[in-house]
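Okay, so here's the structure we're looking at.
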Amino acid sequence: MLRLFDVRGRRVIVTGAASGLGFAMAEVLAECGARVTLADIDEERLAVSTGRLVDRGCDARSFVVDVTDESRVQALFDDVAEAQGGVDVAFANAGLASVPGFRVDGGQTLDTVQRSDWDKVLGVNLTGVMHTMRSAAGIMRRQGAGRIVVTASNAGLRPEPLVCYGYAASKAAVIHLVRQAALELAHDGVLVNAICPGPFYGTLIGGGVTEHPTEELKEAWATLIPLGRMAHPDELKGLVVLLASDASSFMTGAAYLVDGGSLVQA
């Protein structure tokens, strides 16, 4: 069983890794012996997060990247491939939201959606994911093996009243992008899957409203989640190791929920 979930030595890239779910992904894989490159646009926070792992004796390095810049994303993958001889696992995790959804005071209605907010969110959450997947696929196809994991959302699977329109639309789109890529890359030995989190503490999504959520926001989420609470980033780590390891060798094209049962609640 330990061999089945063994990720020691795997060459891993995680975007949006300086904080939140991205750091949780990088942390668990690094602690399990993977060689992890943390990538993020926030250079200062990235340096601190990478340093935390290095101080624990983990094999961790960092790379500053804006995922909307396709040349910079390609440079990230080229850098890792040159330094480590390839890329085994890529987590396309970088993402953002803009203003709150329509269930929050001051949130969006369809007629108040700003084009600038829409373009920014889709630029990171959809186009940035495409850049990351494309760069990963180029290397992994040549290797004849690899794993691509995209952070989507339960908001991509059903209407979600507490997130913005751009966020919901982008996450629905990336889930379909994952399925399309999984079909295309299956013959090359590249597995492509999505993780669909519900609300988690400690993220910077929506300008950081879930990093230190108010009691009002906690209560709002609790009414939508059968387990009655938001999740902690550590609760994503088991799925991360599964999808990065041989334990998921026959799993591709799927979207895995980690949402406390909110999708099944009427």
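Labels for the structure tokens follow display order: chains A, B, ..., residues from 1 in each chain, ligands from 1.
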
Can you pull out the residues contacting Gly166 in chain A? Cut-off 12 Å, using only C-alpha atoms, and skip same-chain residues under 5 positions away; I want them as a CSV table (one decimal) with N, CA and C atoms, in the first residue's frame.
chain,number,residue,atom,x,y,z
A,95,GLY,N,-5.8,30.5,-9.3
A,95,GLY,CA,-7.1,31.0,-9.6
A,95,GLY,C,-7.5,32.2,-8.7
A,96,LEU,N,-8.6,32.9,-9.1
A,96,LEU,CA,-9.1,34.0,-8.4
A,96,LEU,C,-10.6,34.2,-8.7
A,97,ALA,N,-11.2,35.0,-7.8
A,97,ALA,CA,-12.5,35.5,-8.1
A,97,ALA,C,-12.5,37.0,-7.9
A,98,SER,N,-13.6,37.7,-8.3
A,98,SER,CA,-13.6,39.1,-8.1
A,98,SER,C,-14.6,39.5,-7.0
A,99,VAL,N,-15.7,40.1,-7.3
A,99,VAL,CA,-16.6,40.5,-6.2
A,99,VAL,C,-17.4,39.3,-5.7
A,100,PRO,N,-18.1,39.5,-4.6
A,100,PRO,CA,-18.9,38.3,-4.1
A,100,PRO,C,-20.1,38.0,-5.0
A,101,GLY,N,-20.6,36.8,-4.8
A,101,GLY,CA,-21.8,36.4,-5.6
A,101,GLY,C,-23.1,37.1,-5.1
A,108,GLN,N,-22.9,40.6,-6.9
A,108,GLN,CA,-23.2,40.8,-8.3
A,108,GLN,C,-24.7,40.5,-8.6
A,109,THR,N,-25.2,41.2,-9.5
A,109,THR,CA,-26.3,40.8,-10.3
A,109,THR,C,-25.8,40.8,-11.8
A,110,LEU,N,-26.5,40.1,-12.6
A,110,LEU,CA,-25.9,39.9,-14.0
A,110,LEU,C,-25.7,41.2,-14.7
A,112,THR,N,-24.7,43.9,-13.4
A,112,THR,CA,-23.6,44.7,-12.8
A,112,THR,C,-22.3,44.1,-13.0
A,113,VAL,N,-22.2,43.0,-13.7
A,113,VAL,CA,-20.9,42.4,-14.0
A,113,VAL,C,-20.0,43.3,-14.8
A,114,GLN,N,-18.9,43.6,-14.3
A,114,GLN,CA,-17.9,44.5,-15.0
A,114,GLN,C,-17.0,43.7,-15.9
A,115,ARG,N,-16.9,44.2,-17.2
A,115,ARG,CA,-16.1,43.5,-18.2
A,115,ARG,C,-14.6,43.3,-17.7
A,116,SER,N,-14.1,44.2,-16.9
A,116,SER,CA,-12.7,44.1,-16.5
A,116,SER,C,-12.6,43.0,-15.5
A,117,ASP,N,-13.6,42.8,-14.6
A,117,ASP,CA,-13.6,41.7,-13.6
A,117,ASP,C,-13.7,40.4,-14.3
A,118,TRP,N,-14.7,40.3,-15.3
A,118,TRP,CA,-14.9,39.1,-16.1
A,118,TRP,C,-13.6,38.7,-16.8
A,119,ASP,N,-13.0,39.6,-17.5
A,119,ASP,CA,-11.8,39.3,-18.2
A,119,ASP,C,-10.6,38.8,-17.3
A,120,LYS,N,-10.5,39.5,-16.2
A,120,LYS,CA,-9.4,39.1,-15.2
A,120,LYS,C,-9.6,37.7,-14.7
A,121,VAL,N,-10.8,37.4,-14.3
A,121,VAL,CA,-11.1,36.1,-13.7
A,121,VAL,C,-10.9,35.0,-14.7
A,122,LEU,N,-11.5,35.2,-15.9
A,122,LEU,CA,-11.3,34.1,-17.0
A,122,LEU,C,-9.9,34.1,-17.4
A,123,GLY,N,-9.2,35.2,-17.4
A,123,GLY,CA,-7.8,35.1,-17.8
A,123,GLY,C,-6.9,34.2,-17.0
A,124,VAL,N,-7.2,34.2,-15.7
A,124,VAL,CA,-6.4,33.4,-14.7
A,124,VAL,C,-7.0,32.0,-14.7
A,125,ASN,N,-8.3,31.9,-14.5
A,125,ASN,CA,-8.9,30.6,-14.2
A,125,ASN,C,-9.1,29.7,-15.4
A,126,LEU,N,-9.2,30.3,-16.6
A,126,LEU,CA,-9.4,29.5,-17.8
A,126,LEU,C,-8.2,29.5,-18.7
A,155,ALA,N,-18.6,25.0,-7.8
A,155,ALA,CA,-19.3,26.0,-8.5
A,155,ALA,C,-19.3,25.8,-10.0
A,156,GLY,N,-18.4,24.9,-10.5
A,156,GLY,CA,-18.4,24.6,-11.9
A,156,GLY,C,-19.4,23.5,-12.3
A,159,PRO,N,-25.0,25.9,-10.1
A,159,PRO,CA,-25.0,27.3,-9.7
A,159,PRO,C,-24.6,27.5,-8.3
A,160,GLU,N,-23.8,28.4,-8.0
A,160,GLU,CA,-23.3,28.6,-6.6
A,160,GLU,C,-23.5,30.1,-6.2
A,171,LYS,N,-14.9,28.0,-13.9
A,171,LYS,CA,-14.8,26.7,-13.4
A,171,LYS,C,-15.6,25.6,-14.1
A,172,ALA,N,-16.7,26.0,-14.6
A,172,ALA,CA,-17.5,25.1,-15.5
A,172,ALA,C,-16.7,24.8,-16.7
A,173,ALA,N,-16.1,25.8,-17.3
A,173,ALA,CA,-15.3,25.6,-18.5
A,173,ALA,C,-14.1,24.8,-18.3
A,206,GLY,N,-11.5,35.6,-4.0
A,206,GLY,CA,-12.4,36.6,-3.7
A,206,GLY,C,-11.8,37.7,-2.9

Just list the residues in range 97-159 of chain A DSSP gives strand (DSSP E or B) on the backbone, as an NGL selection string.
:A and (146-151)

Work out how far apart CA of Val28 in chain A and CA of Val87 in chain A are and give it in Å to one decimal.
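Rounded to one decimal, the two atoms are 17.6 Å apart.
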
From CA of Ala60 in chain A to CA of Leu177 in chain A the spacing works out at 29.0 Å

Rounded to one decimal in Å, what is the spacing between CA of Leu4 in chain A and CA of Ser249 in chain A?
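Separation of CA of Leu4 in chain A and CA of Ser249 in chain A: 9.7 Å.
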
Could you name the residues that touch Ser19 in chain A at 12 Å or less, counting only C-alpha atoms, but leaving out those on the same chain fewer than 6 positions away, as a PDB file with N, CA and C atoms, in the first residue's frame?
ATOM      1  N   MET A  25      -1.162  21.606  -1.336  1.00  0.00           N
ATOM      2  CA  MET A  25      -0.747  20.614  -2.326  1.00  0.00           C
ATOM      3  C   MET A  25       0.767  20.456  -2.335  1.00  0.00           C
ATOM      4  N   ALA A  26       1.453  21.576  -2.418  1.00  0.00           N
ATOM      5  CA  ALA A  26       2.916  21.534  -2.445  1.00  0.00           C
ATOM      6  C   ALA A  26       3.472  20.939  -1.157  1.00  0.00           C
ATOM      7  N   GLU A  27       2.876  21.313  -0.038  1.00  0.00           N
ATOM      8  CA  GLU A  27       3.359  20.865   1.269  1.00  0.00           C
ATOM      9  C   GLU A  27       3.263  19.357   1.423  1.00  0.00           C
ATOM     10  N   LEU A  38       7.253  25.330  -6.444  1.00  0.00           N
ATOM     11  CA  LEU A  38       6.121  26.185  -6.116  1.00  0.00           C
ATOM     12  C   LEU A  38       6.154  27.391  -7.043  1.00  0.00           C
ATOM     13  N   ALA A  39       5.057  27.654  -7.731  1.00  0.00           N
ATOM     14  CA  ALA A  39       4.979  28.772  -8.663  1.00  0.00           C
ATOM     15  C   ALA A  39       3.839  29.696  -8.263  1.00  0.00           C
ATOM     16  N   ASP A  40       4.080  30.998  -8.330  1.00  0.00           N
ATOM     17  CA  ASP A  40       3.052  31.954  -7.925  1.00  0.00           C
ATOM     18  C   ASP A  40       3.444  33.338  -8.438  1.00  0.00           C
ATOM     19  N   ILE A  41       2.464  34.224  -8.525  1.00  0.00           N
ATOM     20  CA  ILE A  41       2.722  35.598  -8.950  1.00  0.00           C
ATOM     21  C   ILE A  41       3.219  36.461  -7.792  1.00  0.00           C
ATOM     22  N   ASP A  42       2.924  36.058  -6.565  1.00  0.00           N
ATOM     23  CA  ASP A  42       3.288  36.820  -5.373  1.00  0.00           C
ATOM     24  C   ASP A  42       4.687  36.404  -4.922  1.00  0.00           C
ATOM     25  N   GLU A  43       5.683  37.162  -5.354  1.00  0.00           N
ATOM     26  CA  GLU A  43       7.074  36.775  -5.125  1.00  0.00           C
ATOM     27  C   GLU A  43       7.427  36.712  -3.646  1.00  0.00           C
ATOM     28  N   GLU A  44       6.961  37.682  -2.873  1.00  0.00           N
ATOM     29  CA  GLU A  44       7.312  37.720  -1.456  1.00  0.00           C
ATOM     30  C   GLU A  44       6.686  36.549  -0.698  1.00  0.00           C
ATOM     31  N   ARG A  45       5.406  36.324  -0.893  1.00  0.00           N
ATOM     32  CA  ARG A  45       4.734  35.223  -0.212  1.00  0.00           C
ATOM     33  C   ARG A  45       5.293  33.880  -0.677  1.00  0.00           C
ATOM     34  N   LEU A  46       5.633  33.801  -1.959  1.00  0.00           N
ATOM     35  CA  LEU A  46       6.199  32.564  -2.515  1.00  0.00           C
ATOM     36  C   LEU A  46       7.525  32.222  -1.850  1.00  0.00           C
ATOM     37  N   ALA A  47       8.363  33.211  -1.652  1.00  0.00           N
ATOM     38  CA  ALA A  47       9.663  32.982  -1.016  1.00  0.00           C
ATOM     39  C   ALA A  47       9.493  32.468   0.411  1.00  0.00           C
ATOM     40  N   VAL A  48       8.541  33.030   1.140  1.00  0.00           N
ATOM     41  CA  VAL A  48       8.293  32.601   2.510  1.00  0.00           C
ATOM     42  C   VAL A  48       7.783  31.164   2.539  1.00  0.00           C
ATOM     43  N   SER A  49       6.825  30.849   1.672  1.00  0.00           N
ATOM     44  CA  SER A  49       6.233  29.509   1.659  1.00  0.00           C
ATOM     45  C   SER A  49       7.247  28.452   1.247  1.00  0.00           C
ATOM     46  N   THR A  50       8.042  28.757   0.235  1.00  0.00           N
ATOM     47  CA  THR A  50       9.072  27.810  -0.200  1.00  0.00           C
ATOM     48  C   THR A  50      10.101  27.614   0.904  1.00  0.00           C
ATOM     49  N   ARG A  52       9.649  27.760   4.049  1.00  0.00           N
ATOM     50  CA  ARG A  52       9.100  26.899   5.106  1.00  0.00           C
ATOM     51  C   ARG A  52       9.355  25.426   4.793  1.00  0.00           C
ATOM     52  N   ASN A  93      -3.344  25.110 -10.400  1.00  0.00           N
ATOM     53  CA  ASN A  93      -4.158  25.503  -9.253  1.00  0.00           C
ATOM     54  C   ASN A  93      -4.433  27.003  -9.183  1.00  0.00           C
ATOM     55  N   ALA A  94      -3.609  27.827  -9.818  1.00  0.00           N
ATOM     56  CA  ALA A  94      -3.768  29.277  -9.690  1.00  0.00           C
ATOM     57  C   ALA A  94      -5.170  29.704 -10.099  1.00  0.00           C
ATOM     58  N   GLY A  95      -5.786  30.549  -9.281  1.00  0.00           N
ATOM     59  CA  GLY A  95      -7.133  31.002  -9.585  1.00  0.00           C
ATOM     60  C   GLY A  95      -7.517  32.191  -8.733  1.00  0.00           C
ATOM     61  N   TYR A 201     -11.224  27.328   4.253  1.00  0.00           N
ATOM     62  CA  TYR A 201     -10.518  28.401   4.942  1.00  0.00           C
ATOM     63  C   TYR A 201      -9.148  28.617   4.300  1.00  0.00           C
ATOM     64  N   GLY A 202      -8.593  29.806   4.534  1.00  0.00           N
ATOM     65  CA  GLY A 202      -7.191  30.030   4.236  1.00  0.00           C
ATOM     66  C   GLY A 202      -6.857  30.282   2.787  1.00  0.00           C
ATOM     67  N   THR A 203      -7.837  30.588   1.938  1.00  0.00           N
ATOM     68  CA  THR A 203      -7.537  30.874   0.541  1.00  0.00           C
ATOM     69  C   THR A 203      -7.681  32.375   0.288  1.00  0.00           C
ATOM     70  N   LEU A 204      -7.113  32.818  -0.839  1.00  0.00           N
ATOM     71  CA  LEU A 204      -7.188  34.228  -1.201  1.00  0.00           C
ATOM     72  C   LEU A 204      -8.260  34.483  -2.256  1.00  0.00           C
ATOM     73  N   ILE A 205      -9.066  33.448  -2.564  1.00  0.00           N
ATOM     74  CA  ILE A 205     -10.146  33.608  -3.528  1.00  0.00           C
ATOM     75  C   ILE A 205     -11.090  34.739  -3.075  1.00  0.00           C
ATOM     76  N   GLY A 208      -9.542  37.319  -0.627  1.00  0.00           N
ATOM     77  CA  GLY A 208      -9.156  36.848   0.692  1.00  0.00           C
ATOM     78  C   GLY A 208     -10.288  36.726   1.677  1.00  0.00           C
ATOM     79  N   GLU A 211      -9.896  33.682   3.698  1.00  0.00           N
ATOM     80  CA  GLU A 211      -8.669  33.518   4.481  1.00  0.00           C
ATOM     81  C   GLU A 211      -8.980  33.704   5.965  1.00  0.00           C
ATOM     82  N   PRO A 233      -7.548  23.464   4.513  1.00  0.00           N
ATOM     83  CA  PRO A 233      -6.722  22.991   3.396  1.00  0.00           C
ATOM     84  C   PRO A 233      -6.139  21.604   3.585  1.00  0.00           C
TER      85      PRO A 233
END

DSSP-assigned helix (DSSP H, G or I) members of range 43-79 of chain A, reported as a list in words:
Glu43, Glu44, Arg45, Leu46, Ala47, Val48, Ser49, Thr50, Gly51, Arg52, Leu53, Val54, Asp55, Glu70, Ser71, Arg72, Val73, Gln74, Ala75, Leu76, Phe77, Asp78 and Asp79 of chain A

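Distances here use only C-alpha atoms; by that measure, the residue among A:Val150, A:Met130, A:Val241, A:Leu217 closest to Glu31 in chain A is A:Val241.
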
At a cut-off of 12 Å, can you tabulate as CSV every residue of range 106-206 of chain A near range 235-240 of chain A together with its closest atom pair and the distance in Å to one decimal, using only C-alpha atoms and ordering rows by chain then number?
residue,atom,partner,partner_atom,distance
A:Arg147,CA,A:Val240,CA,11.3
A:Ile148,CA,A:Val240,CA,11.2
A:Val149,CA,A:Val240,CA,8.7
A:Val150,CA,A:Val240,CA,10.7
A:Thr151,CA,A:Val240,CA,10.5
A:Asn193,CA,A:Val240,CA,10.8
A:Ala194,CA,A:Val240,CA,10.5
A:Ile195,CA,A:Leu239,CA,8.3
A:Cys196,CA,A:Leu236,CA,10.1
A:Pro197,CA,A:Leu236,CA,8.1
A:Gly198,CA,A:Leu236,CA,10.4
A:Pro199,CA,A:Leu236,CA,11.4
A:Phe200,CA,A:Glu235,CA,9.1
A:Tyr201,CA,A:Glu235,CA,10.5

Selected residues written out with N, CA and C atoms, as an mmCIF file, in the first residue's frame:
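See out_9.cif below for the written result:
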data_model
loop_
_atom_site.group_PDB
_atom_site.id
_atom_site.type_symbol
_atom_site.label_atom_id
_atom_site.label_comp_id
_atom_site.auth_asym_id
_atom_site.auth_seq_id
_atom_site.Cartn_x
_atom_site.Cartn_y
_atom_site.Cartn_z
ATOM 1 N N ARG A 147 0.894 13.418 -15.157
ATOM 2 C CA ARG A 147 -0.380 13.709 -14.493
ATOM 3 C C ARG A 147 -0.611 15.208 -14.530
ATOM 4 N N ILE A 148 -1.796 15.610 -14.940
ATOM 5 C CA ILE A 148 -2.216 17.010 -14.868
ATOM 6 C C ILE A 148 -3.461 17.067 -14.004
ATOM 7 N N VAL A 149 -3.430 17.914 -12.989
ATOM 8 C CA VAL A 149 -4.567 18.063 -12.075
ATOM 9 C C VAL A 149 -4.940 19.536 -12.026
ATOM 10 N N VAL A 150 -6.192 19.832 -12.308
ATOM 11 C CA VAL A 150 -6.683 21.206 -12.348
ATOM 12 C C VAL A 150 -7.581 21.461 -11.146
ATOM 13 N N THR A 151 -7.400 22.597 -10.497
ATOM 14 C CA THR A 151 -8.312 22.991 -9.432
ATOM 15 C C THR A 151 -9.512 23.691 -10.048
ATOM 16 N N ASN A 193 -7.149 15.207 -14.605
ATOM 17 C CA ASN A 193 -8.292 15.204 -13.703
ATOM 18 C C ASN A 193 -8.496 16.582 -13.077
ATOM 19 N N ALA A 194 -9.674 16.770 -12.501
ATOM 20 C CA ALA A 194 -9.988 18.018 -11.809
ATOM 21 C C ALA A 194 -10.358 17.739 -10.364
ATOM 22 N N ILE A 195 -9.968 18.650 -9.493
ATOM 23 C CA ILE A 195 -10.421 18.671 -8.109
ATOM 24 C C ILE A 195 -11.445 19.781 -7.984
ATOM 25 N N CYS A 196 -12.569 19.488 -7.356
ATOM 26 C CA CYS A 196 -13.656 20.469 -7.215
ATOM 27 C C CYS A 196 -13.896 20.762 -5.744
ATOM 28 N N PRO A 197 -13.159 21.701 -5.174
ATOM 29 C CA PRO A 197 -13.365 22.017 -3.759
ATOM 30 C C PRO A 197 -14.643 22.819 -3.542
ATOM 31 N N GLY A 198 -15.193 22.653 -2.352
ATOM 32 C CA GLY A 198 -16.191 23.582 -1.854
ATOM 33 C C GLY A 198 -15.467 24.710 -1.137
ATOM 34 N N PRO A 199 -16.096 25.350 -0.171
ATOM 35 C CA PRO A 199 -15.468 26.463 0.545
ATOM 36 C C PRO A 199 -14.406 25.982 1.540
ATOM 37 N N PHE A 200 -13.211 26.533 1.421
ATOM 38 C CA PHE A 200 -12.088 26.220 2.300
ATOM 39 C C PHE A 200 -11.608 27.484 2.996
ATOM 40 N N TYR A 201 -11.224 27.328 4.253
ATOM 41 C CA TYR A 201 -10.518 28.401 4.942
ATOM 42 C C TYR A 201 -9.148 28.617 4.300
#

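Residues with any atom within 10 Å of Arg3 in chain A, counting only C-alpha atoms and excluding same-chain neighbours fewer than 6 positions away, are Ser245, Asp246 and Ala247 of chain A.
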
Can I get the selected residues back with N, CA and C atoms, as a short mmCIF file (atom, residue, chain, number, x, y, z; two decimals), in the first residue's frame?
data_model
loop_
_atom_site.label_atom_id
_atom_site.label_comp_id
_atom_site.auth_asym_id
_atom_site.auth_seq_id
_atom_site.Cartn_x
_atom_site.Cartn_y
_atom_site.Cartn_z
N SER A 245 -0.07 9.88 -7.43
CA SER A 245 0.57 8.58 -7.20
C SER A 245 0.04 7.52 -8.14
N ASP A 246 0.66 6.33 -8.07
CA ASP A 246 0.22 5.20 -8.90
C ASP A 246 -1.15 4.68 -8.48
N ALA A 247 -1.64 5.10 -7.33
CA ALA A 247 -2.95 4.66 -6.88
C ALA A 247 -4.07 5.14 -7.81
#

Which residues, written as JSON, numbers by chain, have at least one atom at most 8 Å from Leu224 in chain A, with only C-alpha atoms counted and residues fewer than 3 positions away on the same chain left out?
{"A": [220, 221, 228, 262, 265]}

Store the residues picked out above in a file with N, CA and C atoms, as a short mmCIF file (atom, residue, chain, number, x, y, z; two decimals), in the first residue's frame.
data_model
loop_
_atom_site.label_atom_id
_atom_site.label_comp_id
_atom_site.auth_asym_id
_atom_site.auth_seq_id
_atom_site.Cartn_x
_atom_site.Cartn_y
_atom_site.Cartn_z
N ALA A 220 -23.28 31.53 6.34
CA ALA A 220 -23.84 31.42 4.99
C ALA A 220 -23.41 30.13 4.32
N TRP A 221 -22.12 29.80 4.46
CA TRP A 221 -21.63 28.56 3.88
C TRP A 221 -22.21 27.35 4.59
N GLY A 228 -21.96 21.10 7.55
CA GLY A 228 -22.20 22.24 8.41
C GLY A 228 -21.01 23.14 8.68
N SER A 262 -22.06 19.39 -0.34
CA SER A 262 -22.94 20.50 -0.74
C SER A 262 -23.62 20.25 -2.08
N GLN A 265 -26.96 18.41 -1.71
CA GLN A 265 -28.01 19.03 -0.92
C GLN A 265 -28.98 19.76 -1.82
#
